[in-house]
Structures are given as structure tokens and as C-alpha cells.
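Participant: I am attaching a structure below and will ask some questions about it afterwards.
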Amino acid sequence: MSRAKVFKNIDEQISILESKGLEIPEKEYAKIVLLKENYFFLSGYRHIFMKQNKDTKFLAGTTFNELYTMFLFDRRIRNIFFKNILVIENNIKSLISYQLSKKYGFKERDYLNPNNFTKDPMRERQVSDIIEKMKRQIRVNGQKHSATIHYLSNYGYIPLWILVKVLSFGITSELYTILKSEDQDEIALFYKLDSSTLSIFLSVLANYRNLCAHEDILFDHKTQKTIPNNKYHYLLKLPQVEDEYICGKNDLFAVVLIFKHMLSRREFNSFADEINKELDELKANIKVLTPDILLNKIGFPDNWLLLKEL
């Protein structure tokens, strides 16, 4: 059994970091940062400054400012990724609500009818669970949001195009997986994707959305699901090991490739410019790691900006 973690005051936290080889020339500034940002959250970025993840010592010359720079970089790109995931979330909710309302009706008893969903006997329980989750959202949120209150008060029901506003992206992602295949295909057609790929994309995006919403470490997160190989893996000539791409599959760059498929060209290029600006600033402020090593640790290939032209 590992030893219990005990409270450490700010001075003790500074001493721990210095004992691991971190240079802290401005201790008063570092104390303010640690008090404001939380030692645990900040130290979560230490592994990028170590030769290997299991090392306990920082690379020689690593400064507190560099560690904090990495923390702030992740925060800023997290906000950039988050706002673009929200764009896709809104789009997919609109597409699903339009398809189901058009085909099955706009009242709860119509669009939540189990007959509207997959007849796969292996997914019968999942269908039931998701319908119940949606009904619960109606009960819980019906009297909390102005739009749902308006429809309940004036019409006695909440149409799906209003209900999706209070559904989580996770539930929305699950909802897509239980649609009839023809409805999945109709929605996927909007993105020029097959339904299986879109289902994986939504699941990966929902996972990263939760990370962003809870301020978790973003830059080196990996998902359990991997996105299928696509033309952008090939066109960028991404590195492979034993015929498997080593980036852009279940990492942050996979989200970039999803954005390329699901955002408009203008939206994607704006996103890419914002991320590139943050990367340039990161490279300028971290001296202990070369730019190519930094990109590699973040999981971006050197030529990633070519996506703007493809």
C-alpha cells in the first residue's frame, strides 16, 4: 500500500519541485502561482520536461516559468478546442432533431417511440436506457430553461429541436448510435461520412468535451476509441509503425482531423490559425525542449498546417 498523501504548504511545495531539479529563481512569483493554480494541477505537466514519463527529475535547466507556460498553453488550447467542439455539438443536435422530427413527429410521444430506433435485439436495452435518459432530461430540465418552460407552458410538450438544447453531448452521441441505419446515413451524408465513422467521431468528441469542461489535461490525452484511417492520414504522410499511424488516431491530433471533416473550411482554418499562434508562443517560451520535440510530445506532425490547404 502506498503512503498516504499529506498536506504540504506552499514553501514545502516549492522545496519538492526544487528537489526534483526544477529551477525557481522567482520564488515569490512561484508561490502566488501555486496558490492560485493548485500544485497538483500544475505538476501534472511535469512529465513533458522529463526524459521519460517514469523519471522523477526534470531535464537540466527546466524553469518554473516553463512548467507554468505549458500549463497555460494547455488551458488556452483547451478553450480553443472546446468552442469548436461546441459548434459541432450544436450542428449534430440540429441534424438529429431535424431528421427525427421530420420523419417521426415533434411531440415526445412521437419522437421517443421505441419503434423509431434500431431493432437490433442486442441493443434493445440501450435503446430503452437512452429513451429514459431523454425523458429524465424533460422532467429535470423542463422547468429550468426558458425555451423548455415556454413550450411546456404554451403547448404542453417539448419538441426535439428544443429538447436537444438540454441534452449532454454524451447522450446525443449515444442517441446517434441507436438510430435506424437509414436515419444515421441521412445525417452522416451531411458530412460526407459513413455512419460508422461519424459514430466514432461523436464518441471521441464527447470524451474530449468532458475533458475541456472539467479543465483536465488535454494535450496528451488518449481515447479508448481510435478513428478510422482517412485521406488526411495519407496526404500528410503521417509516420507509421508496422502499418499503423502513430498520431491522429486516438490523440488530440485525431480531434484536429475530426474538425477537418466536420467544420466548415472557414471554421477549420480559423481554428488552425489560433492553435498555430499558441504553438508559436509555446516554442518561443520553452527553451529546454526543441520545437520539434515539443510538437512530438503534443502529438502534432511538423506539416499539420497543410490541412488548411487540403
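Naming works like this for the C-alpha cells: A, B, ... for the chains as they're shown, residue 1 at the start of each chain, ligands 1 onward in shown order.
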Please identify all polymer residues within 10 Å of Ile88 in chain A, counting only C-alpha atoms, omitting same-chain residues fewer than 5 positions from it, and present them as a ChimeraX atom specification.

Facilitator: /A:83,93-94,169,202,205,258-259,262-263

Participant: Produce a file of the selected residues containing C-alpha atoms, as an mmCIF file, in the first residue's frame.

Facilitator:
data_model
loop_
_atom_site.group_PDB
_atom_site.id
_atom_site.type_symbol
_atom_site.label_atom_id
_atom_site.label_comp_id
_atom_site.auth_asym_id
_atom_site.auth_seq_id
_atom_site.Cartn_x
_atom_site.Cartn_y
_atom_site.Cartn_z
ATOM 1 C CA LYS A 83 -15.524 26.234 -28.542
ATOM 2 C CA LYS A 93 -28.050 18.176 -32.427
ATOM 3 C CA SER A 94 -29.740 20.234 -35.121
ATOM 4 C CA PHE A 169 -23.138 15.673 -25.911
ATOM 5 C CA LEU A 202 -19.004 11.773 -31.961
ATOM 6 C CA LEU A 205 -15.556 14.436 -29.383
ATOM 7 C CA ILE A 258 -12.281 15.232 -36.987
ATOM 8 C CA PHE A 259 -12.543 19.027 -37.110
ATOM 9 C CA MET A 262 -16.894 18.319 -39.540
ATOM 10 C CA LEU A 263 -16.165 22.063 -39.501
#

Participant: I want to know what sits within 9 Å of Asn113 in chain A, based on only C-alpha atoms, with residues of the same chain fewer than 5 positions away left out; could you give that as JSON, numbers by chain?

Facilitator: {"A": [104, 108, 131]}

Participant: Would you put the residues from that selection into a file with N, CA and C atoms, as a PDB file, in the first residue's frame?

Facilitator:
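This went into selection.pdb:
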ATOM      1  N   TYR A 104     -40.677  11.348 -37.747  1.00  0.00           N
ATOM      2  CA  TYR A 104     -41.497  10.669 -36.737  1.00  0.00           C
ATOM      3  C   TYR A 104     -42.439  11.585 -35.958  1.00  0.00           C
ATOM      4  N   GLU A 108     -43.085  14.495 -27.744  1.00  0.00           N
ATOM      5  CA  GLU A 108     -42.308  13.448 -27.080  1.00  0.00           C
ATOM      6  C   GLU A 108     -42.819  12.045 -27.398  1.00  0.00           C
ATOM      7  N   ILE A 131     -33.720   6.354 -24.204  1.00  0.00           N
ATOM      8  CA  ILE A 131     -35.043   6.991 -24.190  1.00  0.00           C
ATOM      9  C   ILE A 131     -35.384   7.459 -22.780  1.00  0.00           C
TER      10      ILE A 131
END

Participant: Rounded to one decimal place, report the CA of Leu175 in chain A-CA of Gly105 in chain A distance in Å.

Facilitator: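 So the two atoms, CA of Leu175 in chain A and CA of Gly105 in chain A, lie 16.5 Å apart.
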
Participant: Pick the closest to Glu26 in chain A from A:Lys8, A:Asn65, A:Lys107, A:Ile217: which is it, counting only C-alpha atoms?

Facilitator: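 Ranking A:Lys8, A:Asn65, A:Lys107, A:Ile217 by distance to Glu26 in chain A, first place goes to A:Asn65.
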
Participant: Taking the backbone alone, and naming residues the way the document does, which bits of range 102-202 of chain A are alpha helix (DSSP H) by DSSP, as number ranges by chain?

Facilitator: A: 102-104, 108-111, 124-141, 146-154, 160-163, 169-177, 181-190, 195-202

Participant: Considering only C-alpha atoms, return as a ChimeraX atom specification whatever protein or nucleic-acid residues lie within 12 Å of Asn269 in chain A, sequence-local ones (same chain, fewer than 2 positions apart) excluded.

Facilitator: /A:84,256,259-260,263-267,271-276,304-310

Participant: I'd like the contact shell of Leu211 in chain A - 12 Å cut-off, only C-alpha atoms, skipping same-chain residues fewer than 4 positions apart - returned as a ChimeraX atom specification.

Facilitator: /A:74-75,78-79,81-82,85,204-207,215-223,252

Participant: Got time to write the residues from that selection, C-alpha atoms, as a PDB file, in the first residue's frame?

Facilitator:
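Listed below is the output, out.pdb:
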ATOM      1  CA  ASP A  74      -2.901  23.673 -22.378  1.00  0.00           C
ATOM      2  CA  ARG A  75      -5.536  25.954 -20.864  1.00  0.00           C
ATOM      3  CA  ARG A  78      -8.395  23.673 -24.310  1.00  0.00           C
ATOM      4  CA  ASN A  79     -10.593  26.750 -24.730  1.00  0.00           C
ATOM      5  CA  PHE A  81     -10.838  23.093 -28.878  1.00  0.00           C
ATOM      6  CA  PHE A  82     -13.844  23.451 -26.585  1.00  0.00           C
ATOM      7  CA  ILE A  85     -16.468  21.096 -30.255  1.00  0.00           C
ATOM      8  CA  VAL A 204     -14.270  10.855 -29.356  1.00  0.00           C
ATOM      9  CA  LEU A 205     -15.556  14.436 -29.383  1.00  0.00           C
ATOM     10  CA  ALA A 206     -17.836  13.759 -26.397  1.00  0.00           C
ATOM     11  CA  ASN A 207     -14.832  12.416 -24.483  1.00  0.00           C
ATOM     12  CA  GLU A 215     -10.189  21.568 -17.127  1.00  0.00           C
ATOM     13  CA  ASP A 216      -8.364  18.254 -17.362  1.00  0.00           C
ATOM     14  CA  ILE A 217      -5.008  17.911 -19.110  1.00  0.00           C
ATOM     15  CA  LEU A 218      -5.713  17.975 -22.818  1.00  0.00           C
ATOM     16  CA  PHE A 219      -2.535  17.953 -24.889  1.00  0.00           C
ATOM     17  CA  ASP A 220      -1.508  14.314 -24.356  1.00  0.00           C
ATOM     18  CA  HIS A 221      -4.877  12.690 -23.631  1.00  0.00           C
ATOM     19  CA  LYS A 222      -5.664   9.415 -25.403  1.00  0.00           C
ATOM     20  CA  THR A 223      -9.114   7.933 -26.000  1.00  0.00           C
ATOM     21  CA  LEU A 252      -5.501  15.351 -29.759  1.00  0.00           C
TER      22      LEU A 252
END

Participant: Just want the 12 Å neighbourhood of Phe41 in chain A, counted on only C-alpha atoms, with same-chain residues fewer than 4 positions away dropped. Output as a count of residues only.

Facilitator: 18

Participant: I'd like the neighbourhood of Lys249 in chain A as a list in words, where a residue qualifies if any of its atoms comes within 10 Å (using only C-alpha atoms), though same-chain residues fewer than 6 positions away should be ignored.

Facilitator: Lys222, Thr223, Lys225, Thr226, Ile227, Pro228, Asn229, Asn230, His233, Val255 and Leu257 of chain A

Participant: Excluding range 154-156 of chain A and residues on its chain fewer than 5 positions from it, collect all residues at most 12 Å away from it, counting only C-alpha atoms, and give them as a ChimeraX atom specification.

Facilitator: /A:106-109,138,142-143,146-149

Participant: Kindly give the distance, in Å, that separates CA of Asp110 in chain A and CA of Ile178 in chain A, rounded to a single decimal.

Facilitator: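 If I compute the distance from CA of Asp110 in chain A to CA of Ile178 in chain A, I get 16.0 Å.
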
Participant: Determine the nearest neighbour of His47 in chain A from the options A:Lys135, A:Leu152, A:Tyr191, A:Lys297, counting only C-alpha atoms.

Facilitator: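 Residue with the minimum atom-to-atom distance to His47 in chain A: A:Lys297.
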
Participant: Given only C-alpha atoms as the basis, pick out the residue of A:Val241, A:Leu42, A:Ile77, A:Glu23 nearest to Leu279 in chain A.

Facilitator: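 Of all the options, A:Ile77 lies closest to Leu279 in chain A.
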